[in-house]
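Undergrad: One structure, pasted below without further comment.
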Amino acid sequence: MNNPAPVGAEDGRYIVLLKEAPLAAYEGGTSGLQRTKPDKGAQLDAHSPNSKKYLAHLKKQQADVAAEVGATPDTTYGVTVNGFSAQLTGEQVDALSTDKNVLGVFPDEIYHPTAAVPSTEFIGLGSVDTGTGGVWDAVGGVAEAGKGIVVGVIDTGIAPENPSFAGDKLKKKSGTGEPYTEGGDTIVFDKADGGQFRSPITIGQSWNKHNYNTKLIGAQYFSEGAKASGFDFSYDYLSPRDGDGHGSHTAGTAAGNFGVDASVEGIGFGKISGVAPAAKVSAYKACYVGPDDLVTSDDICAGSDLIAAIDKAVEDGVDVINYSIGGGSASSILSADDYAFLGAAAAGVFVSVSAGNDGPGAATADHGSPWYTTVAASTVPTYEGTVQLPNGFQAAGASVTVPFGESLSGPVVYAGDIKKADAAQADAELCFLGTLDPAKAAGKIVVCDRGANARVEKSQEVAAAGGTAMILVNKTPGSLDNDFHSVPTVHIDAQHRDALLEYVRGTAGATATLVGDNVTGVETPTPQIAGFSSRGPILADGSDVIKPDVSAPGVAIIAATHNGPKEAATFGFKSGTSMSSPHVAGLGALYLGEDPDATPAQIKSALMTTAYDLVDASGDPVADTFAQGAGHVDPKRYFQPGLLYLNDTMDWLSYIEGALGADYWTDAEPMDPSDLNLASIGVGALAGTQTITREVTATTAGTFTASVDLPGVDAVVSPSSFTIAAGETQAFTVTFTNATAPVEEWTTGFLTWTGADTTVRSPIAVFPVTADAPPAVSGEGADGSVDVTVTPGFTGDLPLNVFGLAKDDVLIDGDETTGADTDGLTKVLVQVPEGVELARFALNSSVDTAGTDLDLTVKRVVSDTDLRYYQAWQSATGSADEAVQIPQPTAGWYLIEADVFAFTGPFTWTATSALVTDGGLGSLTATPGTLAAEQATPTTYNLSWSGLESGTYLGVVRYGDSDVRTVVSVDVP
């Protein structure tokens with residue numbers, strides 16, 4: 001589970017996580033230190049004497065681990081994760097990566113914020129003018145919506161002058177029922193669940209104690225990681241003040257005050273509200289804005305600063321965290337921030353995260369772990385304009401810059417046809433600055449393609465070249481964004497592009513009209529999934545968890561933005577899953593306001609099982625599981641979900657054990673990852689038949705009957721119907737059998753429990769595979785055979801592709817002292833050629849008794865002289881024998897590191913390698929060579945070999961063109 005540094009980053013800043021449980025998960029067992037893990041349904045008290053004692057214990061442990069390699073921590077963590085961040089050399093990284101006390105060493109990666117009818121009104125909360133007519137009524141009105149709940153926002157900071165965060169002056173004593181200051185340096189707030197929020201008052205650049213109030217009760221900043229990266233802070237504030245607008249926008253969306261008048265560029269857009277307007281806000285700034293000409297991104301979020309912010313938010317006592325930050329498609333369920341959020345969820349904090357803005361491609365979603373809620377972005381009714389052409393063409397799109405009800409007409413040209421002589425064609429089509437010829441653009445409406453440069457930069461270039469207006473058109477389906485452009489603009493989607501350009505480029509004297517309203521007579525269907533919204537499946541670690549979990553409004557959302565300390569408050573429209581995530585964070589706060597003891601899993605389940613399908617551009621429902629997750633959130637229903645799928649810390653640890661084969665914090669019984677009791681069902685590899693288990697807890701009494709819609713797969717639910725009382729639980733199974741679904745392709749659908757007055761719906765995603773085969777078989781003798789039984793996932797011919805046998809090559813023949821260098825490791829290099837089907841590297845000891853422990857690390861390095869590494873694998877169990885197997889390894893040099901970690905007496909050991917290729921020794925043969933496969937029916941074939949010399953051999957059988965393999969080992973005395 002260790003995560004070593006990639007090539008080129010061996011000297012740098014790292015996050016080092018230790019294996020001992022953090023405060024949120026400590027079960028007891030260390031002498032003198034009592035249990036600190038909160039009881040089920042309770043939140044963590046990080047300020048109790050016992051908690052402080054345990055945190056001191058962790059800090060000493062961290063210092064000891066760092067001192068062993070000569071490192072100096074600059075930031076320590078103990079609440080949600082146990083670890084520290086520090087500047088490390090490559091040698092220190094290597095040493096820590098193989099330290100038995102270390103869970104993982106993570107590079108300090110750089111992340112980024114993931115950036116009509118008001119959205120709160122659209123999802124049914126109520127009118128932003130009166131607060132009535134929706135869910136806010138049901139919770140006692142806007143003054144009660146989220147009351148007693150604290151929403152922590154980890155982002156770019158906050159603008160304290162914005163009326164979305166206005167409140168009364170803090171009092172200096174308790175007993176007021178509102179937040180107060182204690183000792184002049186700490187804000188204290190008694191929460192709805194009986195716990196306390198306690199957060200220090202921070203002083204920083206353009207920030208002082210007067211920026212806090214009874215609404216904004218916490219604000220801190222974290223910058224050590226950004227500093228270490230060399231980031232230039234001259235464009236931002238070294239304080240909680242927002243220099244970008246992203247953090248204020250997400251905070252305002254989640255929990256901004258009700259009934260705030262919002263205007264942008266002098267244009268009034270009526271009143272707005274956060275989802276949970278009575279909730280308190282605490283901002284944790286870990287992201288900073290840079291100059292516009294940065295190569296990578298204007299904004300930076302150092303991973304170590306994000307971990308510090310998560311850790312502090314949970315220590316302070318927030319009830320909800322919003323995390324609109326991402327780093328690309330998830331490659332693991334256990335990145336550094338995943339570990340931190342596991343600790344946050346264990347502490348009882350509901351966490352909402354953005355799915356990412358890398359859609360519409362498959363497997364682009366970020367945040368793949370099951371203990372938080374991952375949110376996709378959808379559309380809401382927004383301010384629109386219309387593009388009209390003389391030939392009858394009409395297309396509605398987003399617009400706030402064509403005055404409402406007015407129109408403008410004029411000659412129209414395509415940007416790619418009016419480029420400057422020295423401009424690149426592609427740049428001109430995108431309206432890059434300095435690419436349009438003023439002689440050809442003056443007085444024209446200019447059509448610009450979306451892509452590459454900022455949308456508002458395109459209209460800036462049109463204006464600079466003398467154009468009068470712009471039609472912005474998507475080249476591929478995507479969001480329609482309400483930006484404030486330099487010229488009147490309508491932004492239309494990709495399905496209109498061909499017809500638009502056919503007229504504009506093929507008609508002499510072409511003209512167009514822009515109208516400040518949707519006059520097409522066709523209402524734009526909502527909610528649709530945003531084109532930019534990242535999609536599942538998550539391909540990491542078995543693909544047994546469906547992501548995203550839900551979708552929420554994320555296109556053209558108006559909320560607070562940033563301002564300087566003596567400047568007027570501002571508002572703006574933003575689009576992204578950054579905007580959808582705080583809607584769900586706010587819904588979490590609303591739920592907790594009604595049920596302060598609700599667990600993160602309870603809130604997530606209620607959101608998922610009451611969600612509904614999005615629509616397509618024609619308005620027809622479309623249930624794209626990997627785009628919408630369970631569907632669009634419906635707060636009108638989620639307080640009464642009917643049935644809940646509950647899970648907690650031990651379930652998550654069992655899931656980790658089952659998915660990755662590794663313990664974390666404590667021993668846990670491994671479970672099949674598909675059996676984690678989520679409100680969704682994922683089977684990442686269905687070979688014929690698989691039965692999964694679930695358990696539901698009733699929120700209302702009734703009889704519920706199951707139905708399943710899953711194309712190509714038969715699903716049998718048992719029991720298919722049950723009667724249950726409120727508060728009781730009911731276990732059930734679902735047996736999936738592939739009927740007609742193609743193998744190696746996903747099929748998706750839903751399981752629905754229907755009661756007298758409610759439905760409880762769970763998304764399903766199943767991936768039928770070619771075969772369920774044993775991962776390994778073994779045999780003995782120079783001549784021999786072994787029978788192998790497999791269960792095919794389809795009916796038809798199944799070729800058996802045989803590789804090997806390859807004999808183990810002894811790399812090191814040693815004892816407890818052989819060849820150990822200054823870091824205690826014995827090392828050898830192996831060159832792996834092209835065409836290897838499987839590489840196995842192993843340590844084999846003459847004894848395997850208690851107290852004898854060898855560890856193995858394998859690294860793919862740059863060359864035989866440059867030992868920086870791209871990727872690493874480790875086998876570090878408590879055993880003396882270890883092995884690493886790499887399917888179809890990349891050709892190149894591999895460094896084998898053997899660590900005699902512990903021993904009780906003299907012994908010998910070997911390090912070996914076996915590189916399995918097509919052909920080999922012993923004439924390994926499968927009989928028959930092709931199976932007459934019958935789906936879900938076990939069948940047996942025979943593997944035979946002959947003429948082997950003494951030694952140990954390795955072979956592989958791969959089933960058809962799939963990635964399913966059986967490894968065969970043969971021992972010849």
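Just remember, in the structure tokens the first chain shown is A, the second B, etc., residues are 1-based per chain, and ligands are 1-based in the order shown.
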Pull the alpha helix (DSSP H) assignments for stretch 43-177 of chain A out of DSSP run on the backbone, and list those residues as an MDAnalysis selection string.

TA: chainID A and resid 49:68 90:97 119:122 135:138

Undergrad: Could you list, as a PyMOL selection string, every residue within 10 Å of stretch 934-945 of chain A, counting only C-alpha atoms and ignoring same-chain residues fewer than 2 positions away?

TA: chain A and resi 686-690+737-739+770-773+777+779-798+800+802+805+921-932+947-948+957+968+970

Undergrad: If you keep C-alpha atoms, can you produce a file of those selected residues as a PDB file, in the first residue's frame?

TA:
ATOM      1  CA  LEU A 686     -19.033 -11.130 -13.148  1.00  0.00           C
ATOM      2  CA  ALA A 687     -18.061 -14.596 -14.356  1.00  0.00           C
ATOM      3  CA  GLY A 688     -21.380 -16.248 -14.946  1.00  0.00           C
ATOM      4  CA  THR A 689     -22.984 -15.939 -11.512  1.00  0.00           C
ATOM      5  CA  GLN A 690     -22.341 -13.958  -8.347  1.00  0.00           C
ATOM      6  CA  THR A 737     -26.321 -14.432 -13.811  1.00  0.00           C
ATOM      7  CA  ASN A 738     -25.179 -13.243 -17.193  1.00  0.00           C
ATOM      8  CA  ALA A 739     -27.859 -14.085 -19.756  1.00  0.00           C
ATOM      9  CA  THR A 770     -14.589 -14.038 -19.865  1.00  0.00           C
ATOM     10  CA  ALA A 771     -13.968 -16.505 -17.046  1.00  0.00           C
ATOM     11  CA  ASP A 772     -13.667 -16.967 -13.304  1.00  0.00           C
ATOM     12  CA  ALA A 773     -10.414 -18.855 -12.999  1.00  0.00           C
ATOM     13  CA  VAL A 777      -2.260 -23.663  -9.382  1.00  0.00           C
ATOM     14  CA  GLY A 779       2.322 -29.123  -9.510  1.00  0.00           C
ATOM     15  CA  GLU A 780       5.421 -31.223  -8.941  1.00  0.00           C
ATOM     16  CA  GLY A 781       7.850 -33.382 -10.873  1.00  0.00           C
ATOM     17  CA  ALA A 782       9.941 -33.301 -14.007  1.00  0.00           C
ATOM     18  CA  ASP A 783       6.976 -34.784 -15.829  1.00  0.00           C
ATOM     19  CA  GLY A 784       3.509 -34.054 -14.559  1.00  0.00           C
ATOM     20  CA  SER A 785       0.162 -32.443 -14.938  1.00  0.00           C
ATOM     21  CA  VAL A 786      -2.525 -30.586 -13.008  1.00  0.00           C
ATOM     22  CA  ASP A 787      -6.242 -30.187 -13.612  1.00  0.00           C
ATOM     23  CA  VAL A 788      -7.639 -26.648 -13.633  1.00  0.00           C
ATOM     24  CA  THR A 789     -11.344 -25.898 -13.198  1.00  0.00           C
ATOM     25  CA  VAL A 790     -12.768 -22.613 -14.458  1.00  0.00           C
ATOM     26  CA  THR A 791     -16.235 -21.110 -14.719  1.00  0.00           C
ATOM     27  CA  PRO A 792     -16.743 -19.438 -18.100  1.00  0.00           C
ATOM     28  CA  GLY A 793     -18.613 -16.163 -18.252  1.00  0.00           C
ATOM     29  CA  PHE A 794     -20.121 -16.883 -21.670  1.00  0.00           C
ATOM     30  CA  THR A 795     -21.075 -19.741 -23.987  1.00  0.00           C
ATOM     31  CA  GLY A 796     -18.776 -20.409 -26.932  1.00  0.00           C
ATOM     32  CA  ASP A 797     -15.147 -21.170 -27.709  1.00  0.00           C
ATOM     33  CA  LEU A 798     -12.651 -20.062 -25.062  1.00  0.00           C
ATOM     34  CA  LEU A 800      -6.402 -21.069 -23.617  1.00  0.00           C
ATOM     35  CA  VAL A 802      -0.289 -20.766 -22.662  1.00  0.00           C
ATOM     36  CA  LEU A 805       7.490 -22.443 -18.389  1.00  0.00           C
ATOM     37  CA  LEU A 921      10.743 -25.046 -21.001  1.00  0.00           C
ATOM     38  CA  GLY A 922       8.902 -28.295 -20.368  1.00  0.00           C
ATOM     39  CA  SER A 923       6.471 -28.036 -23.298  1.00  0.00           C
ATOM     40  CA  LEU A 924       3.675 -26.655 -21.107  1.00  0.00           C
ATOM     41  CA  THR A 925       0.446 -27.674 -22.831  1.00  0.00           C
ATOM     42  CA  ALA A 926      -3.256 -27.118 -22.148  1.00  0.00           C
ATOM     43  CA  THR A 927      -5.601 -29.941 -23.148  1.00  0.00           C
ATOM     44  CA  PRO A 928      -7.914 -29.098 -24.779  1.00  0.00           C
ATOM     45  CA  GLY A 929      -6.385 -25.914 -26.176  1.00  0.00           C
ATOM     46  CA  THR A 930      -9.824 -24.373 -26.605  1.00  0.00           C
ATOM     47  CA  LEU A 931     -12.682 -24.924 -24.172  1.00  0.00           C
ATOM     48  CA  ALA A 932     -16.224 -25.473 -25.361  1.00  0.00           C
ATOM     49  CA  GLY A 947      11.514 -33.081 -19.278  1.00  0.00           C
ATOM     50  CA  LEU A 948      12.212 -30.483 -16.582  1.00  0.00           C
ATOM     51  CA  VAL A 957      -2.629 -19.447 -18.898  1.00  0.00           C
ATOM     52  CA  VAL A 968       1.051 -22.239 -12.667  1.00  0.00           C
ATOM     53  CA  VAL A 970       6.012 -26.337 -10.849  1.00  0.00           C
TER      54      VAL A 970
END

Undergrad: Write out as an mmCIF file with C-alpha atoms, in the first residue's frame each polymer residue whose atoms come within 6 Å of A:Leu854, counting only C-alpha atoms; drop sequence neighbours fewer than 6 positions from it.

TA:
data_model
loop_
_atom_site.group_PDB
_atom_site.id
_atom_site.type_symbol
_atom_site.label_atom_id
_atom_site.label_comp_id
_atom_site.auth_asym_id
_atom_site.auth_seq_id
_atom_site.Cartn_x
_atom_site.Cartn_y
_atom_site.Cartn_z
ATOM 1 C CA ALA A 880 9.964 -14.633 5.620
ATOM 2 C CA ASP A 899 15.357 -6.262 3.326
ATOM 3 C CA VAL A 900 16.207 -8.690 6.123
ATOM 4 C CA PHE A 901 13.811 -6.899 8.438
#

Undergrad: Can you pull out the residues contacting A:Ser680? Cut-off 6 Å, using only C-alpha atoms, and skip same-chain residues under 2 positions away; I want them as a PDB file with N, CA and C atoms, in the first residue's frame.

TA:
ATOM      1  N   LEU A 678     -23.524  -0.553   0.451  1.00  0.00           N
ATOM      2  CA  LEU A 678     -23.796   0.744  -0.158  1.00  0.00           C
ATOM      3  C   LEU A 678     -25.192   0.756  -0.779  1.00  0.00           C
ATOM      4  N   SER A 762     -31.714   1.775  -6.198  1.00  0.00           N
ATOM      5  CA  SER A 762     -30.255   1.664  -6.158  1.00  0.00           C
ATOM      6  C   SER A 762     -29.714   1.399  -7.555  1.00  0.00           C
ATOM      7  N   PRO A 763     -28.693   2.152  -7.991  1.00  0.00           N
ATOM      8  CA  PRO A 763     -28.076   1.854  -9.292  1.00  0.00           C
ATOM      9  C   PRO A 763     -27.235   0.590  -9.223  1.00  0.00           C
ATOM     10  N   ILE A 764     -27.167  -0.117 -10.351  1.00  0.00           N
ATOM     11  CA  ILE A 764     -26.366  -1.336 -10.469  1.00  0.00           C
ATOM     12  C   ILE A 764     -25.444  -1.187 -11.677  1.00  0.00           C
TER      13      ILE A 764
END

Undergrad: From stretch 576-723 of chain A, collect each residue whose DSSP state is strand (DSSP E) and return the set as an MDAnalysis selection string.

TA: chainID A and resid 614:615 621:622 643:644 681:686 689:698 702:709 713:718 721:723

Undergrad: Name the closest residue to A:Leu170 among the candidates A:Asp185, A:Asp613, A:Glu669, A:Asp597; distances are taken between atoms, counting only C-alpha atoms.

TA: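 So, comparing all the options, the nearest one is A:Asp185.
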
Undergrad: Find the residue from A:Gly218, A:Pro670, A:Gly343, A:Gly124 that sits nearest to A:Val318; use only C-alpha atoms when measuring.

TA: A:Gly218

Undergrad: With only C-alpha atoms as the atoms that count, which of A:Val696, A:Phe750, A:Phe122, A:Val713 lies nearest to A:Ala725?

TA: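 Using only C-alpha atoms, the shortest distance to A:Ala725 belongs to A:Val696.
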
Undergrad: Provide the atom CA of A:Ala494 to atom CA of A:Gln394 distance in Å, to one decimal place.

TA: 13.5 Å
